[in-house]
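Chemist: Here you go, one structure.
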Amino acid sequence: MKNTDVFVIAGEASGDLHASSLIKELKLISKDVSVEGIGGSLLIEAGAKLIFNYSEVNFVGFKEIAENYAGIKKKLKYTRDYILQTQPKTVVLVDFPGFNLRIAKEIRKSFSGKIIYYITPQVWAWHRSRVRQIRKYIDKCLVIFPFEKKLFDNEGIDSAYVGHPLIKPVTDFLLNKEKKMNPMPVVTLMPGSRIQEVRRILPVLCETSKELIEKYQCKVNLLCSENIPSGIFDEFDLHPSVEKIDSSLNYETIYNSDFVITKFGTSTLECALLETPFCAVYKAGSFNYLLGKMMIRTDFVALVNIILEKEVVKEFIQKDFCKENIIGEFLNVMNDNKYRNIMLSEFILLKNYFDNFEIGQSAAQIVSGMLNT
């Protein structure tokens with residue numbers, strides 16, 4: 001029995017999405033490539049055999065990780081032992097740095113294959129100490145932001161810019177698309193793909209959506225991640241007219257919204273690339289927030305603001321994350337054409353930013369090449 005070609009680790013919803021796209025392309029290049037790993041339903045659909053679902057190790061925040069540490073440690077040991085026993089040709093780590101860097105460290109000395117990191121830790125934002133770990137344990141970094149390539153080059157780390165995985169699907173989606181003319185303002189809520197996040201963020205969004213519906217006659221959508229059991233949403237005082245929409249329709253829903261309220265993360269980039277005005281929100285536990293505030297190295301948290309190095313969209317965090325601030329931003333976008341158009345023009349600059357950097361090979365092409373070395 002031959003060794004598995006690729007063992008991939010994706011520890012969250014966005015990682016599952018991007019890893020599945022990589023594997024699908026890899027299978028087009030080499031149809032008989034075998035894939036195992038940790039991920040979700042999308043990786044399974046792409047043809048990967050999972051040793052367990054990422055939900056078993058997917059916790060956010062220092063407090064939640066500490067509370068579930070015993071279970072995470074057990075899964076980490078199981079993953080390490082599995083890789084070392086089966087010796088796949090290549091291990092591909094996708095984002096999820098707390099778990100993935102630990103795995104890289106644990107297997108490095110006894111693993112005969114290559115370790116590739118796709119969607120590397122955001123060392124430019126926080127945890128700069130991870131640069132040393134990456135240099136020590138990783139054979140190749142596949143980065144999705146042009147500035148990351150420069151950073152790793154300066155640190156003597158082998159890296160390649162492979163383009164952001166959202167660019168192609170968003171570009172393909174926008175072909176021949178025209179926004180719907182909405183008879184009333186349409187607002188979409190995106191509270192996240194982790195239960196802990198949803199439970200912190202959705203209560204404020206419930207208050208906000210009630211006022212948007214009753215005072216401003218809005219239609220409000222709630223994008224529901226497949227990772228959140230549907231019963232979770234029944235815990236909240238959602239207005240009865242809020243329409244729950246499956247996240248498989250996220251592009252269509254975002255694109256045809258007038259305004260989106262989204263948690264920080266990949267969804268902020270999706271909104272910008274789809275040219276829909278939005279604000280970014282987040283609420284963490286007090287302990288997690290204080291630790292994060294001490295560690296973060298950037299002036300902003302939303303990716304569009306970080307990349308363009310200015311406040312393009314509003315960020316509402318902790319005490320600033322409240323109904324009044326969100327409603328105020330909604331009114332700015334809906335009632336001030338100049339304000340709205342400036343935001344939309346910045347989204348065009350964001351697209352141009354990515355277009356200005358040449359991509360040599362895709363992530364899948366590089367992984368395929370390393371399988372044969």
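Numbering starts fresh at 1 for the residues of each chain in the structure tokens, the chains themselves are lettered A, B, ... in the order given, and ligands are numbered from 1 as they appear.
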Check segment 177-368 of chain A with DSSP on the backbone and list each residue it calls strand (DSSP E or B), as a list of chain:residue names.

Modeler: A:Val186, A:Val187, A:Thr188, A:Leu189, A:Met190, A:Lys219, A:Val220, A:Asn221, A:Leu222, A:Leu223, A:Cys224, A:Glu243, A:Lys244, A:Ile245, A:Asp246, A:Phe259, A:Val260, A:Ile261, A:Thr262, A:Lys263, A:Phe278, A:Cys279, A:Ala280, A:Val281, A:Tyr282, A:Glu315, A:Phe316, A:Ile317

Chemist: For Ser345 of chain A, please output as a ChimeraX atom specification all residues within 12 Å (counting only C-alpha atoms; exclusion window: fewer than 3 positions along the same chain).

Modeler: /A:272-273,275-277,308,312-313,337-342,348-352

Chemist: For those residues, write N, CA and C atoms to a file as an mmCIF file, in the first residue's frame.

Modeler:
```
data_model
loop_
_atom_site.group_PDB
_atom_site.id
_atom_site.type_symbol
_atom_site.label_atom_id
_atom_site.label_comp_id
_atom_site.auth_asym_id
_atom_site.auth_seq_id
_atom_site.Cartn_x
_atom_site.Cartn_y
_atom_site.Cartn_z
ATOM 1 N N ALA A 272 -16.162 43.324 0.441
ATOM 2 C CA ALA A 272 -15.456 44.346 -0.333
ATOM 3 C C ALA A 272 -15.309 43.949 -1.788
ATOM 4 N N LEU A 273 -14.925 42.700 -2.046
ATOM 5 C CA LEU A 273 -14.745 42.241 -3.426
ATOM 6 C C LEU A 273 -16.069 42.177 -4.176
ATOM 7 N N GLU A 275 -18.333 44.331 -3.651
ATOM 8 C CA GLU A 275 -18.704 45.744 -3.742
ATOM 9 C C GLU A 275 -20.021 46.054 -3.031
ATOM 10 N N THR A 276 -20.158 45.502 -1.823
ATOM 11 C CA THR A 276 -21.327 45.786 -0.996
ATOM 12 C C THR A 276 -20.878 46.494 0.270
ATOM 13 N N PRO A 277 -21.410 47.676 0.567
ATOM 14 C CA PRO A 277 -21.021 48.397 1.785
ATOM 15 C C PRO A 277 -21.282 47.559 3.031
ATOM 16 N N LEU A 308 -5.371 48.455 2.683
ATOM 17 C CA LEU A 308 -5.329 49.814 2.135
ATOM 18 C C LEU A 308 -4.775 50.832 3.126
ATOM 19 N N VAL A 312 -11.409 52.327 5.720
ATOM 20 C CA VAL A 312 -12.351 52.297 4.605
ATOM 21 C C VAL A 312 -13.738 51.950 5.124
ATOM 22 N N VAL A 313 -13.794 50.997 6.054
ATOM 23 C CA VAL A 313 -15.072 50.602 6.668
ATOM 24 C C VAL A 313 -14.951 50.737 8.180
ATOM 25 N N ASN A 337 -24.827 59.725 -0.426
ATOM 26 C CA ASN A 337 -24.285 59.115 -1.657
ATOM 27 C C ASN A 337 -22.773 59.278 -1.758
ATOM 28 N N LYS A 338 -22.262 60.427 -1.332
ATOM 29 C CA LYS A 338 -20.819 60.654 -1.393
ATOM 30 C C LYS A 338 -20.092 59.664 -0.484
ATOM 31 N N TYR A 339 -20.602 59.502 0.712
ATOM 32 C CA TYR A 339 -20.001 58.571 1.683
ATOM 33 C C TYR A 339 -19.986 57.157 1.116
ATOM 34 N N ARG A 340 -21.122 56.741 0.563
ATOM 35 C CA ARG A 340 -21.240 55.395 0.004
ATOM 36 C C ARG A 340 -20.297 55.209 -1.183
ATOM 37 N N ASN A 341 -20.245 56.197 -2.073
ATOM 38 C CA ASN A 341 -19.423 56.075 -3.280
ATOM 39 C C ASN A 341 -17.929 56.062 -2.972
ATOM 40 N N ILE A 342 -17.516 56.787 -1.929
ATOM 41 C CA ILE A 342 -16.107 56.747 -1.517
ATOM 42 C C ILE A 342 -15.752 55.335 -1.058
ATOM 43 N N ILE A 348 -12.800 49.161 -5.173
ATOM 44 C CA ILE A 348 -12.171 48.990 -6.494
ATOM 45 C C ILE A 348 -10.649 49.030 -6.360
ATOM 46 N N LEU A 349 -10.146 49.929 -5.525
ATOM 47 C CA LEU A 349 -8.700 50.005 -5.277
ATOM 48 C C LEU A 349 -8.189 48.701 -4.669
ATOM 49 N N LEU A 350 -8.999 48.085 -3.820
ATOM 50 C CA LEU A 350 -8.625 46.806 -3.215
ATOM 51 C C LEU A 350 -8.459 45.739 -4.298
ATOM 52 N N LYS A 351 -9.409 45.690 -5.229
ATOM 53 C CA LYS A 351 -9.304 44.725 -6.335
ATOM 54 C C LYS A 351 -8.050 44.999 -7.157
ATOM 55 N N ASN A 352 -7.788 46.256 -7.428
ATOM 56 C CA ASN A 352 -6.609 46.620 -8.216
ATOM 57 C C ASN A 352 -5.320 46.221 -7.503
#
```

Chemist: Give me, please, the distance in Å between atom CA of Gly71 of chain A and atom CA of Leu202 of chain A, quoted to one decimal.

Modeler: 27.1 Å

Chemist: Report as a PyMOL selection string all protein, DNA and RNA residues lying within 9 Å of segment 173-184 of chain A, evaluated on only C-alpha atoms, omitting residues in the same chain fewer than 4 positions from it.

Modeler: chain A and resi 168-169+217-219+251-252+255-258+274

Chemist: Contacts of segment 39-51 of chain A at 7 Å or less, counting only C-alpha atoms, minus same-chain residues fewer than 2 places along, as a VMD selection string?

Modeler: chain A and resid 9 to 11 16 to 17 19 to 20 23 to 24 35 to 37 53 to 54

Chemist: Only N, CA and C atoms, please: the residues just picked out, written as a PDB file, in the first residue's frame.

Modeler:
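Okay, selection.pdb is ready:
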```pdb
ATOM      1  N   ILE A   9      -4.496  19.754   6.771  1.00  0.00           N
ATOM      2  CA  ILE A   9      -5.153  20.121   8.036  1.00  0.00           C
ATOM      3  C   ILE A   9      -5.799  21.496   7.882  1.00  0.00           C
ATOM      4  N   ALA A  10      -7.129  21.508   7.899  1.00  0.00           N
ATOM      5  CA  ALA A  10      -7.910  22.743   7.880  1.00  0.00           C
ATOM      6  C   ALA A  10      -8.762  22.761   9.137  1.00  0.00           C
ATOM      7  N   GLY A  11      -8.611  23.767   9.971  1.00  0.00           N
ATOM      8  CA  GLY A  11      -9.237  23.745  11.285  1.00  0.00           C
ATOM      9  C   GLY A  11     -10.451  24.628  11.460  1.00  0.00           C
ATOM     10  N   ASP A  16     -11.465  25.041   5.478  1.00  0.00           N
ATOM     11  CA  ASP A  16     -12.105  23.923   4.775  1.00  0.00           C
ATOM     12  C   ASP A  16     -12.421  24.319   3.337  1.00  0.00           C
ATOM     13  N   LEU A  17     -12.925  25.541   3.160  1.00  0.00           N
ATOM     14  CA  LEU A  17     -13.254  26.046   1.820  1.00  0.00           C
ATOM     15  C   LEU A  17     -12.007  26.147   0.952  1.00  0.00           C
ATOM     16  N   ALA A  19      -8.961  24.881   1.423  1.00  0.00           N
ATOM     17  CA  ALA A  19      -8.282  23.592   1.246  1.00  0.00           C
ATOM     18  C   ALA A  19      -8.994  22.741   0.210  1.00  0.00           C
ATOM     19  N   SER A  20     -10.312  22.770   0.210  1.00  0.00           N
ATOM     20  CA  SER A  20     -11.067  21.972  -0.757  1.00  0.00           C
ATOM     21  C   SER A  20     -10.828  22.466  -2.183  1.00  0.00           C
ATOM     22  N   ILE A  23      -7.425  21.150  -3.228  1.00  0.00           N
ATOM     23  CA  ILE A  23      -7.455  19.714  -3.517  1.00  0.00           C
ATOM     24  C   ILE A  23      -8.164  19.437  -4.839  1.00  0.00           C
ATOM     25  N   LYS A  24      -9.231  20.157  -5.111  1.00  0.00           N
ATOM     26  CA  LYS A  24      -9.935  19.968  -6.393  1.00  0.00           C
ATOM     27  C   LYS A  24      -9.006  20.270  -7.569  1.00  0.00           C
ATOM     28  N   VAL A  35      -5.602  11.855  -0.772  1.00  0.00           N
ATOM     29  CA  VAL A  35      -5.634  12.929   0.225  1.00  0.00           C
ATOM     30  C   VAL A  35      -6.334  12.446   1.494  1.00  0.00           C
ATOM     31  N   GLU A  36      -5.700  12.686   2.627  1.00  0.00           N
ATOM     32  CA  GLU A  36      -6.298  12.455   3.935  1.00  0.00           C
ATOM     33  C   GLU A  36      -6.141  13.730   4.753  1.00  0.00           C
ATOM     34  N   GLY A  37      -6.795  13.763   5.910  1.00  0.00           N
ATOM     35  CA  GLY A  37      -6.563  14.924   6.749  1.00  0.00           C
ATOM     36  C   GLY A  37      -7.659  15.237   7.723  1.00  0.00           C
ATOM     37  N   ASN A  53     -13.357  15.410  12.091  1.00  0.00           N
ATOM     38  CA  ASN A  53     -13.861  16.713  11.650  1.00  0.00           C
ATOM     39  C   ASN A  53     -13.206  17.835  12.445  1.00  0.00           C
ATOM     40  N   TYR A  54     -12.952  18.945  11.781  1.00  0.00           N
ATOM     41  CA  TYR A  54     -12.255  20.052  12.445  1.00  0.00           C
ATOM     42  C   TYR A  54     -13.029  20.620  13.628  1.00  0.00           C
TER      43      TYR A  54
END
```

Chemist: Give the alpha helix (DSSP H) residues of segment 66-259 of chain A, as DSSP finds them on the backbone, and put them as a PyMOL selection string.

Modeler: chain A and resi 66-67+69-86+97-107+130-137+146-154+167-174+195-214+250-255

Chemist: Identify which of the residues A:Ile359, A:Val220, A:Val162, A:Ile228 lies closest to Pro240 of chain A, counting only C-alpha atoms when measuring atom-to-atom distances.

Modeler: A:Val220

Chemist: Check the smallest atom-to-atom distance from each of A:Arg102, A:Thr266, A:Arg199, A:Phe357 to Lys149 of chain A using only C-alpha atoms, then report the winner.

Modeler: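 The shortest atom-to-atom distance to Lys149 of chain A comes from A:Phe357.
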
Chemist: Within 12 Å of Ile326 of chain A, counting only C-alpha atoms, which residues show up once you throw out same-chain ones fewer than 3 positions away? Write them as a PyMOL selection string, please.

Modeler: chain A and resi 187+189+204-209+211-212+259-262+278-282+313-317+320-323+329-333

Chemist: Quick one: of A:Ser14, A:Asn154, A:Thr4, A:Thr171, who's nearest to Val91 of chain A, counting only C-alpha atoms?

Modeler: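 Between A:Ser14, A:Asn154, A:Thr4, A:Thr171, the residue approaching Val91 of chain A most closely is A:Thr4.
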
Chemist: Residues near Asn3 of chain A, anyone? I mean within 8 Å using only C-alpha atoms, not counting same-chain ones fewer than 3 positions away, as a PyMOL selection string.

Modeler: chain A and resi 86-89

Chemist: Considering only C-alpha atoms, state which residue in the set A:Gly163, A:Gly15, A:Gly265, A:Pro203 is at the smallest distance from Leu303 of chain A.

Modeler: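 Looking at the shortest contact to Leu303 of chain A, the residue is A:Gly265.
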
Chemist: Give me, please, the distance in Å between atom CA of Arg128 of chain A and atom CA of Leu151 of chain A, quoted to one decimal.

Modeler: 11.0 Å

Chemist: I'd like the interatomic distance between atom CA of Asn372 of chain A and atom CA of Ser34 of chain A, to a tenth of an Å.

Modeler: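 Taking atom CA of Asn372 of chain A as the start and atom CA of Ser34 of chain A as the end point, the length is 13.6 Å.
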
Chemist: Could you check the closest approach to Ser21 of chain A for each of A:Val94, A:Ile306, A:Val301, A:Ile327 and tell me which residue wins, using only C-alpha atoms?

Modeler: A:Val94
